[in-house]
$ cat entry.txt   # compact mmCIF, C-alpha atoms and all ligand atoms
# COMPACT_ATOMS: atom_id res chain seq x y z
CA MET A 1 84.19 -4.84 236.79
CA PRO A 2 83.45 -1.13 236.22
CA GLU A 3 79.83 -0.37 235.30
CA GLU A 4 79.54 1.75 232.19
CA ARG A 5 77.38 4.87 232.20
CA VAL A 6 74.76 5.36 229.49
CA THR A 7 76.02 8.89 228.84
CA PRO A 8 79.31 10.24 230.09
CA TYR A 9 79.42 12.47 233.16
CA ILE A 10 82.42 14.74 233.53
CA TRP A 11 83.47 16.46 236.75
CA VAL A 12 85.04 19.89 236.17
CA SER A 13 88.20 19.13 238.14
CA TRP A 14 89.05 16.26 235.76
CA LEU A 15 89.48 18.81 232.94
CA THR A 16 91.47 21.63 234.47
CA LYS A 17 95.00 20.18 234.41
CA LEU A 18 94.41 18.85 230.89
CA MET A 19 93.38 22.30 229.66
CA VAL A 20 96.57 23.96 230.91
CA GLY A 21 98.94 21.10 230.00
CA GLU A 22 99.78 20.13 233.61
CA SER A 23 98.60 16.62 232.75
CA MET A 24 98.76 15.00 229.32
CA CYS A 25 96.79 11.80 230.01
CA GLU A 26 93.19 12.27 228.86
CA TRP A 27 92.43 8.57 229.39
CA ALA A 28 91.87 9.03 233.16
CA ALA A 29 89.10 11.56 232.53
CA TRP A 30 87.69 9.41 229.70
CA PHE A 31 87.55 6.32 231.95
CA LYS A 32 85.95 8.20 234.88
CA ALA A 33 83.44 9.90 232.56
CA TRP A 34 82.26 6.58 231.14
CA ASN A 35 82.15 4.51 234.34
CA GLU A 36 80.10 4.84 237.52
CA SER A 37 82.33 6.19 240.27
CA TRP A 38 81.28 3.55 242.83
CA SER A 39 82.15 0.70 240.46
CA TYR A 40 85.93 1.09 240.15
CA LYS A 41 88.75 1.13 242.70
CA LYS A 42 90.57 4.32 243.65
CA MET A 43 93.96 4.86 245.21
CA PRO A 44 93.49 5.18 249.00
CA SER A 45 93.40 8.74 250.32
CA ASP A 46 96.17 9.56 252.78
CA PHE A 47 96.58 11.78 255.80
CA ASP A 48 97.56 14.69 253.52
CA SER A 49 94.11 14.71 251.93
CA THR A 50 92.41 14.85 255.36
CA THR A 51 94.68 17.75 256.38
CA TRP A 52 93.94 19.45 253.07
CA LYS A 53 90.18 19.15 253.67
CA ILE A 54 90.45 20.67 257.16
CA HIS A 55 92.57 23.62 255.91
CA HIS A 56 90.26 24.15 252.95
CA THR A 57 87.17 24.27 255.19
CA LEU A 58 88.84 26.72 257.60
CA LEU A 59 89.79 29.08 254.78
CA LEU A 60 86.37 28.74 253.12
CA ASN A 61 84.58 29.61 256.37
CA LYS A 62 86.87 32.62 256.88
CA VAL A 63 86.12 33.98 253.38
CA ARG A 64 82.42 33.30 253.82
CA SER A 65 82.33 35.22 257.14
CA GLU A 66 84.14 38.19 255.57
CA LEU A 67 81.65 38.32 252.68
CA GLU A 68 78.70 38.05 255.06
CA SER A 69 80.18 40.83 257.24
CA ASP A 70 80.12 42.98 254.08
CA GLY A 71 76.36 42.32 253.89
CA LYS A 72 76.50 39.78 251.04
CA THR A 73 74.29 36.71 250.80
CA VAL A 74 76.62 33.76 250.22
CA PHE A 75 75.73 30.39 248.74
CA VAL A 76 78.05 27.58 249.77
CA GLU A 77 79.29 24.35 248.15
CA ASN A 78 76.33 21.93 247.94
CA GLN A 79 73.99 24.89 247.32
CA ASN A 80 76.07 25.58 244.18
CA LYS A 81 76.23 22.04 242.80
CA PHE A 82 75.29 21.95 239.14
CA THR A 83 74.91 19.58 236.22
CA LEU A 84 75.04 21.06 232.73
CA ARG A 85 73.57 18.63 230.21
CA GLY A 86 74.94 18.70 226.66
CA LYS A 87 74.13 16.48 223.66
CA LEU A 88 77.17 14.27 224.28
CA ALA A 89 77.85 14.52 228.01
CA SER A 90 76.93 16.12 231.31
CA LEU A 91 79.33 18.43 233.07
CA GLY A 92 79.18 18.63 236.87
CA GLY A 93 80.81 20.79 239.51
CA LYS A 94 80.44 22.46 242.87
CA PRO A 95 81.95 25.94 243.29
CA ASP A 96 82.90 26.87 246.86
CA LEU A 97 81.01 30.17 247.17
CA ILE A 98 78.69 32.32 245.04
CA THR A 99 77.39 35.83 245.63
CA THR A 100 75.16 37.89 243.32
CA THR A 101 73.85 41.45 243.21
CA ALA A 102 71.57 42.90 240.53
CA GLY A 103 72.63 40.81 237.54
CA PHE A 104 76.30 40.54 238.50
CA GLY A 105 77.88 37.74 240.46
CA THR A 106 81.16 36.40 241.78
CA ILE A 107 82.18 32.77 242.00
CA TYR A 108 84.89 32.06 244.58
CA ASP A 109 87.11 29.04 244.80
CA VAL A 110 89.36 28.61 247.82
CA LYS A 111 92.79 26.98 247.39
CA THR A 112 95.25 26.04 250.09
CA GLY A 113 98.03 24.69 247.85
CA ASN A 114 100.46 26.45 245.53
CA PRO A 115 98.87 28.72 242.88
CA SER A 116 98.33 27.04 239.52
CA PRO A 117 96.81 28.04 236.16
CA ALA A 118 94.54 24.99 236.58
CA HIS A 119 92.79 26.83 239.45
CA HIS A 120 91.99 29.76 237.14
CA VAL A 121 90.62 27.42 234.49
CA GLN A 122 88.43 25.70 237.07
CA LEU A 123 86.77 29.04 237.85
CA MET A 124 86.45 29.90 234.16
CA ILE A 125 84.58 26.64 233.59
CA TYR A 126 82.28 27.51 236.50
CA MET A 127 81.72 31.00 235.05
CA TYR A 128 80.74 29.38 231.74
CA ALA A 129 78.57 26.63 233.23
CA ILE A 130 76.74 28.14 236.20
CA PRO A 131 74.53 30.65 234.30
CA ARG A 132 73.63 27.91 231.80
CA ALA A 133 73.06 25.10 234.31
CA LEU A 134 71.20 26.83 237.15
CA LYS A 135 68.05 28.65 236.05
CA HIS A 136 68.14 31.23 238.86
CA TYR A 137 71.53 32.42 237.50
CA ASN A 138 70.43 32.71 233.82
CA GLY A 139 71.76 35.99 232.43
CA VAL A 140 74.00 36.76 235.43
CA ARG A 141 77.46 38.05 234.42
CA PHE A 142 79.96 36.29 236.64
CA GLU A 143 83.51 37.18 237.51
CA GLY A 144 85.75 34.75 239.37
CA LYS A 145 88.07 34.95 242.36
CA VAL A 146 90.57 32.29 243.35
CA ILE A 147 91.31 32.82 247.03
CA TYR A 148 94.70 31.66 248.31
CA GLU A 149 95.89 31.91 251.91
CA ASP A 150 97.94 35.05 251.22
CA HIS A 151 96.45 36.60 248.08
CA GLU A 152 93.60 36.40 245.58
CA PHE A 153 93.46 36.17 241.79
CA ALA A 154 90.60 37.85 239.94
CA ILE A 155 89.24 36.63 236.60
CA SER A 156 87.08 38.95 234.53
CA ASN A 157 83.94 37.83 232.74
CA SER A 158 85.61 38.54 229.37
CA ALA A 159 88.15 35.72 229.95
CA VAL A 160 85.43 33.21 229.13
CA ASP A 161 85.55 34.01 225.43
CA THR A 162 84.82 32.00 222.28
CA ARG A 163 88.34 30.58 222.19
CA PHE A 164 88.10 29.30 225.75
CA ILE A 165 84.63 27.81 225.15
CA ASP A 166 85.84 26.10 221.92
CA ASN A 167 88.82 24.56 223.76
CA LEU A 168 86.57 23.35 226.55
CA ALA A 169 84.00 21.91 224.12
CA ASN A 170 86.72 20.13 222.10
CA LEU A 171 88.16 18.50 225.23
CA ILE A 172 84.68 17.42 226.37
CA ARG A 173 84.01 15.95 222.90
CA ARG A 174 87.22 13.84 223.11
CA ILE A 175 86.36 12.63 226.60
CA ALA A 176 82.73 11.92 225.67
CA SER A 177 83.77 9.93 222.60
CA HIS A 178 83.19 6.16 222.50
CA THR A 179 86.77 5.91 221.24
CA PRO A 180 89.08 5.83 224.27
CA ALA A 181 91.19 8.94 224.78
CA LYS A 182 94.94 8.68 224.51
CA LYS A 183 96.75 7.17 227.47
CA VAL A 184 100.01 8.96 228.32
CA PRO A 185 101.61 7.25 231.32
CA SER A 186 104.34 9.15 233.14
CA LEU A 187 105.59 8.90 236.70
CA ILE A 188 104.29 12.38 237.54
CA ASP A 189 100.83 12.02 235.96
CA CYS A 190 100.36 8.50 237.34
CA SER A 191 101.41 9.60 240.85
CA PHE A 192 98.60 12.16 240.92
CA CYS A 193 96.04 9.88 239.23
CA ASN A 194 93.58 8.14 241.55
CA LEU A 195 92.98 5.18 239.21
CA THR A 196 94.62 1.89 240.16
CA ASP A 197 96.47 -0.66 238.07
CA SER A 198 93.29 -2.81 238.15
CA ASP A 199 91.81 -0.46 235.54
CA CYS A 200 94.90 1.16 234.07
CA PHE A 201 97.49 -1.53 233.40
CA GLU A 202 100.02 1.07 232.25
CA LYS A 203 100.07 2.88 235.61
CA ILE A 204 103.65 3.73 236.53
CA GLN A 205 104.34 3.50 240.24
CA GLY A 206 107.35 4.49 242.28
CA GLU A 207 109.12 7.45 243.77
CA ILE A 208 109.76 10.50 241.61
CA PRO A 209 113.57 10.37 241.22
CA GLU A 210 115.86 13.07 242.55
CA SER A 211 117.29 15.45 239.94
CA GLY A 212 120.70 14.58 238.50
CA CYS A 213 123.54 17.09 238.06
CA THR A 214 126.03 18.06 235.36
CA LYS A 215 129.15 20.22 235.19
CA ASP A 216 128.45 21.06 231.52
CA PHE A 217 126.37 24.17 232.15
S1 LIG B 1 97.44 5.76 235.82
FE1 LIG B 1 98.73 7.00 234.47
S2 LIG B 1 98.42 6.21 232.40
FE2 LIG B 1 96.77 5.43 233.71
S3 LIG B 1 95.11 6.86 233.43
FE3 LIG B 1 96.22 7.52 235.23
S4 LIG B 1 97.73 9.01 234.46
FE4 LIG B 1 96.96 7.86 232.70

$ encode --input "entry.txt" --output "structure tokens"
Amino acid sequence: MPEERVTPYIWVSWLTKLMVGESMCEWAAWFKAWNESWSYKKMPSDFDSTTWKIHHTLLLNKVRSELESDGKTVFVENQNKFTLRGKLASLGGKPDLITTTAGFGTIYDVKTGNPSPAHHVQLMIYMYAIPRALKHYNGVRFEGKVIYEDHEFAISNSAVDTRFIDNLANLIRRIASHTPAKKVPSLIDCSFCNLTDSDCFEKIQGEIPESGCTKDF
């Protein structure tokens, strides 16, 4: 039986696909926010996730070395872990790398998969949260960089505007509500969701079907 938290705790990566419409099921984030992580079952991780972790670490170490060769002081993963406490919920995350110089900073996130708008949103949430959550970064103006294997994507500080913050706050309010968020089962969303059918009875399981064809167009 999952053990309910007193106040919801939301991990940044649970929000990113929802914010860009790559996932429509807010219930998964709602359930994870309200229940202690150790108290519910998760889908087993596979060999792909181990391979992903190895590739991610290799790329992260490469970027870190390059930044250090440029004379930058780099803070890495667990050094960057934050919890931002709001009235309704806490928001937690762990950016890959952070550098700062004289009131300006860059937050880096390293991605080995295909580029996605959800990656950009993840950095934008970090850019919003880090100066508020970690006292030593109060007042620092952050830009973001998503680092892929063959290119990088820069995000300016101005991207984290009132509209973005309102959207983020509205999503957090829905997930932090005592009223369960809407469940939207679909083969694609459920395939990428790590909850099991012990907690989500509507989970759809199976292979994603091959595309059909038509001669009409
Ligand atoms: S298993 Fe499917 S319906 Fe259930 S929470 Fe996950 S995505 Fe939503």

$ residues_near_ligand --input "entry.txt" --ligand "ligand LIG 1 (chain B)" --cutoff "9 Å" --atoms "all atoms listed in the file" --output "PyMOL selection string"
chain A and resi 23-31+182-197+199-205

$ atom_distance --input "entry.txt" --atom1 "CA of Thr73 in chain A" --atom2 "CA of Ala159 in chain A"
25.1 Å

$ closest_residue --input "entry.txt" --among "A:Leu171, A:Phe104, A:Thr16, A:Phe142" --to "Ser158 in chain A" --atoms "only C-alpha atoms"
A:Phe142

$ atom_distance --input "entry.txt" --atom1 "CA of Ala154 in chain A" --atom2 "CA of Leu60 in chain A"
16.6 Å

$ closest_residue --input "entry.txt" --among "A:Leu134, A:Met1, A:Val146, A:Met124" --to "Gln79 in chain A" --atoms "all atoms listed in the file"
A:Leu134

$ residues_around --input "entry.txt" --residues "Ser13 in chain A" --least-positions-apart "4" --cutoff "9 Å" --atoms "only C-alpha atoms" --output "ChimeraX atom specification"
/A:17,93,118,122

$ atom_distance --input "entry.txt" --atom1 "CA of Tyr137 in chain A" --atom2 "CA of Gly103 in chain A"
8.5 Å

$ closest_residue --input "entry.txt" --among "A:Ser39, A:Thr83, A:Thr214, A:Asn138" --to "Val12 in chain A" --atoms "only C-alpha atoms"
A:Thr83

$ residues_around --input "entry.txt" --residues "Arg141 in chain A" --least-positions-apart "3" --cutoff "12 Å" --atoms "only C-alpha atoms" --output "mmCIF file with C-alpha atoms, keeping the file's coordinate frame"
data_model
loop_
_atom_site.group_PDB
_atom_site.id
_atom_site.type_symbol
_atom_site.label_atom_id
_atom_site.label_comp_id
_atom_site.auth_asym_id
_atom_site.auth_seq_id
_atom_site.Cartn_x
_atom_site.Cartn_y
_atom_site.Cartn_z
ATOM 1 C CA THR A 99 77.390 35.830 245.630
ATOM 2 C CA THR A 100 75.160 37.890 243.320
ATOM 3 C CA THR A 101 73.850 41.450 243.210
ATOM 4 C CA ALA A 102 71.570 42.900 240.530
ATOM 5 C CA GLY A 103 72.630 40.810 237.540
ATOM 6 C CA PHE A 104 76.300 40.540 238.500
ATOM 7 C CA GLY A 105 77.880 37.740 240.460
ATOM 8 C CA THR A 106 81.160 36.400 241.780
ATOM 9 C CA ILE A 107 82.180 32.770 242.000
ATOM 10 C CA TYR A 126 82.280 27.510 236.500
ATOM 11 C CA MET A 127 81.720 31.000 235.050
ATOM 12 C CA TYR A 128 80.740 29.380 231.740
ATOM 13 C CA ALA A 129 78.570 26.630 233.230
ATOM 14 C CA ILE A 130 76.740 28.140 236.200
ATOM 15 C CA PRO A 131 74.530 30.650 234.300
ATOM 16 C CA ARG A 132 73.630 27.910 231.800
ATOM 17 C CA TYR A 137 71.530 32.420 237.500
ATOM 18 C CA ASN A 138 70.430 32.710 233.820
ATOM 19 C CA GLY A 144 85.750 34.750 239.370
ATOM 20 C CA SER A 156 87.080 38.950 234.530
ATOM 21 C CA ASN A 157 83.940 37.830 232.740
ATOM 22 C CA SER A 158 85.610 38.540 229.370
ATOM 23 C CA ALA A 159 88.150 35.720 229.950
ATOM 24 C CA VAL A 160 85.430 33.210 229.130
#

$ residues_around --input "entry.txt" --residues "His119 in chain A" --least-positions-apart "3" --cutoff "12 Å" --atoms "only C-alpha atoms" --output "compact mmCIF listing (two decimals) with C-alpha atoms, in the frame of the given file"
# COMPACT_ATOMS: atom_id res chain seq x y z
CA VAL A 12 85.04 19.89 236.17
CA SER A 13 88.20 19.13 238.14
CA TRP A 14 89.05 16.26 235.76
CA LEU A 15 89.48 18.81 232.94
CA THR A 16 91.47 21.63 234.47
CA LYS A 17 95.00 20.18 234.41
CA LEU A 18 94.41 18.85 230.89
CA MET A 19 93.38 22.30 229.66
CA VAL A 20 96.57 23.96 230.91
CA GLU A 22 99.78 20.13 233.61
CA PRO A 95 81.95 25.94 243.29
CA TYR A 108 84.89 32.06 244.58
CA ASP A 109 87.11 29.04 244.80
CA VAL A 110 89.36 28.61 247.82
CA LYS A 111 92.79 26.98 247.39
CA THR A 112 95.25 26.04 250.09
CA GLY A 113 98.03 24.69 247.85
CA ASN A 114 100.46 26.45 245.53
CA PRO A 115 98.87 28.72 242.88
CA SER A 116 98.33 27.04 239.52
CA GLN A 122 88.43 25.70 237.07
CA LEU A 123 86.77 29.04 237.85
CA MET A 124 86.45 29.90 234.16
CA ILE A 125 84.58 26.64 233.59
CA TYR A 126 82.28 27.51 236.50
CA GLY A 144 85.75 34.75 239.37
CA LYS A 145 88.07 34.95 242.36
CA VAL A 146 90.57 32.29 243.35
CA ILE A 147 91.31 32.82 247.03
CA TYR A 148 94.70 31.66 248.31
CA GLU A 152 93.60 36.40 245.58
CA PHE A 153 93.46 36.17 241.79
CA ALA A 154 90.60 37.85 239.94
CA ILE A 155 89.24 36.63 236.60

$ residues_around --input "entry.txt" --residues "Ile172 in chain A" --least-positions-apart "4" --cutoff "9 Å" --atoms "only C-alpha atoms" --output "ChimeraX atom specification"
/A:10,15,88-89,91,167-168,176-177

$ closest_residue --input "entry.txt" --among "A:Lys41, A:Lys94, A:Lys32, A:His56" --to "Glu149 in chain A" --atoms "only C-alpha atoms"
A:His56

$ residues_around --input "entry.txt" --residues "Val74 in chain A" --least-positions-apart "5" --cutoff "7 Å" --atoms "only C-alpha atoms" --output "list of chain:residue names"
A:Arg64, A:Glu68, A:Leu97, A:Ile98, A:Thr99

$ axis_aligned_box --input "entry.txt" --around "range 180-197 of chain A" --padding-each-side "8 Å" --output "lines of an AutoDock Vina configuration file"
center_x = 97.3
center_y = 5.9
center_z = 232.9
size_x = 32.5
size_y = 29.0
size_z = 33.3

$ decode --input "entry.txt" --residues "range 74-104 of chain A" --atoms "N, CA, C and O atoms" --output "short mmCIF file (atom, residue, chain, number, x, y, z; two decimals), in the first residue's frame"
data_model
loop_
_atom_site.label_atom_id
_atom_site.label_comp_id
_atom_site.auth_asym_id
_atom_site.auth_seq_id
_atom_site.Cartn_x
_atom_site.Cartn_y
_atom_site.Cartn_z
N VAL A 74 33.30 24.12 -11.87
CA VAL A 74 32.07 23.43 -12.27
C VAL A 74 31.50 22.65 -11.09
O VAL A 74 32.23 21.90 -10.43
N PHE A 75 30.21 22.85 -10.86
CA PHE A 75 29.52 22.08 -9.81
C PHE A 75 28.70 21.00 -10.51
O PHE A 75 28.04 21.25 -11.51
N VAL A 76 28.75 19.79 -9.93
CA VAL A 76 28.24 18.61 -10.64
C VAL A 76 27.12 17.92 -9.86
O VAL A 76 27.23 17.74 -8.64
N GLU A 77 26.08 17.55 -10.57
CA GLU A 77 24.95 16.74 -10.11
C GLU A 77 24.59 16.90 -8.63
O GLU A 77 23.88 17.83 -8.29
N ASN A 78 25.05 15.99 -7.74
CA ASN A 78 24.58 16.06 -6.35
C ASN A 78 24.92 17.38 -5.67
O ASN A 78 24.23 17.80 -4.73
N GLN A 79 25.94 18.07 -6.17
CA GLN A 79 26.28 19.40 -5.61
C GLN A 79 25.19 20.41 -5.99
O GLN A 79 25.10 21.48 -5.38
N ASN A 80 24.40 20.09 -7.00
CA ASN A 80 23.39 21.03 -7.52
C ASN A 80 21.97 20.67 -7.09
O ASN A 80 21.01 21.32 -7.51
N LYS A 81 21.84 19.63 -6.30
CA LYS A 81 20.50 19.15 -5.91
C LYS A 81 19.79 20.24 -5.10
O LYS A 81 20.41 20.87 -4.24
N PHE A 82 18.54 20.47 -5.44
CA PHE A 82 17.80 21.52 -4.74
C PHE A 82 16.40 21.07 -4.38
O PHE A 82 15.85 20.14 -4.98
N THR A 83 15.84 21.72 -3.38
CA THR A 83 14.41 21.59 -3.07
C THR A 83 13.86 22.99 -2.88
O THR A 83 14.37 23.75 -2.06
N LEU A 84 12.88 23.34 -3.69
CA LEU A 84 12.25 24.66 -3.59
C LEU A 84 10.89 24.47 -2.92
O LEU A 84 10.01 23.80 -3.48
N ARG A 85 10.75 25.02 -1.71
CA ARG A 85 9.51 24.81 -0.96
C ARG A 85 8.51 25.91 -1.27
O ARG A 85 8.79 27.09 -1.12
N GLY A 86 7.31 25.51 -1.71
CA GLY A 86 6.22 26.46 -1.92
C GLY A 86 5.15 26.22 -0.85
O GLY A 86 5.32 25.36 0.01
N LYS A 87 4.05 26.99 -0.94
CA LYS A 87 2.97 26.83 0.07
C LYS A 87 2.28 25.47 -0.10
O LYS A 87 1.84 24.87 0.86
N LEU A 88 2.18 25.01 -1.38
CA LEU A 88 1.41 23.80 -1.65
C LEU A 88 2.27 22.56 -1.84
O LEU A 88 1.80 21.44 -1.62
N ALA A 89 3.50 22.75 -2.30
CA ALA A 89 4.33 21.60 -2.66
C ALA A 89 5.80 21.98 -2.66
O ALA A 89 6.13 23.17 -2.67
N SER A 90 6.65 20.96 -2.64
CA SER A 90 8.08 21.18 -2.85
C SER A 90 8.46 20.68 -4.23
O SER A 90 7.93 19.67 -4.70
N LEU A 91 9.38 21.41 -4.84
CA LEU A 91 9.85 21.06 -6.18
C LEU A 91 11.32 20.69 -6.07
O LEU A 91 12.12 21.45 -5.50
N GLY A 92 11.69 19.52 -6.58
CA GLY A 92 13.08 19.07 -6.45
C GLY A 92 13.70 18.75 -7.79
O GLY A 92 13.01 18.38 -8.74
N GLY A 93 15.02 18.91 -7.87
CA GLY A 93 15.72 18.59 -9.10
C GLY A 93 17.22 18.55 -8.88
O GLY A 93 17.71 18.85 -7.78
N LYS A 94 17.93 18.17 -9.95
CA LYS A 94 19.38 18.00 -9.82
C LYS A 94 20.01 18.27 -11.19
O LYS A 94 20.23 17.33 -11.97
N PRO A 95 20.28 19.54 -11.50
CA PRO A 95 20.91 19.84 -12.80
C PRO A 95 22.28 19.19 -12.91
O PRO A 95 22.98 19.05 -11.91
N ASP A 96 22.67 18.84 -14.15
CA ASP A 96 23.94 18.14 -14.36
C ASP A 96 25.14 18.99 -13.94
O ASP A 96 25.99 18.52 -13.18
N LEU A 97 25.23 20.21 -14.48
CA LEU A 97 26.41 21.04 -14.24
C LEU A 97 26.00 22.50 -14.07
O LEU A 97 25.07 22.97 -14.74
N ILE A 98 26.71 23.21 -13.19
CA ILE A 98 26.48 24.66 -13.02
C ILE A 98 27.84 25.36 -12.96
O ILE A 98 28.76 24.88 -12.30
N THR A 99 27.92 26.48 -13.69
CA THR A 99 29.09 27.36 -13.55
C THR A 99 28.56 28.77 -13.28
O THR A 99 27.48 29.13 -13.75
N THR A 100 29.33 29.57 -12.56
CA THR A 100 28.95 30.98 -12.35
C THR A 100 30.19 31.86 -12.41
O THR A 100 31.28 31.43 -12.07
N THR A 101 29.96 33.10 -12.86
CA THR A 101 31.01 34.12 -12.83
C THR A 101 30.34 35.47 -12.60
O THR A 101 29.49 35.86 -13.41
N ALA A 102 30.69 36.13 -11.53
CA ALA A 102 30.29 37.52 -11.27
C ALA A 102 28.81 37.80 -11.55
O ALA A 102 28.46 38.65 -12.37
N GLY A 103 27.94 37.06 -10.89
CA GLY A 103 26.50 37.35 -11.00
C GLY A 103 25.80 36.70 -12.18
O GLY A 103 24.58 36.83 -12.33
N PHE A 104 26.55 36.05 -13.06
CA PHE A 104 25.94 35.35 -14.19
C PHE A 104 26.30 33.87 -14.09
O PHE A 104 27.39 33.52 -13.60
#
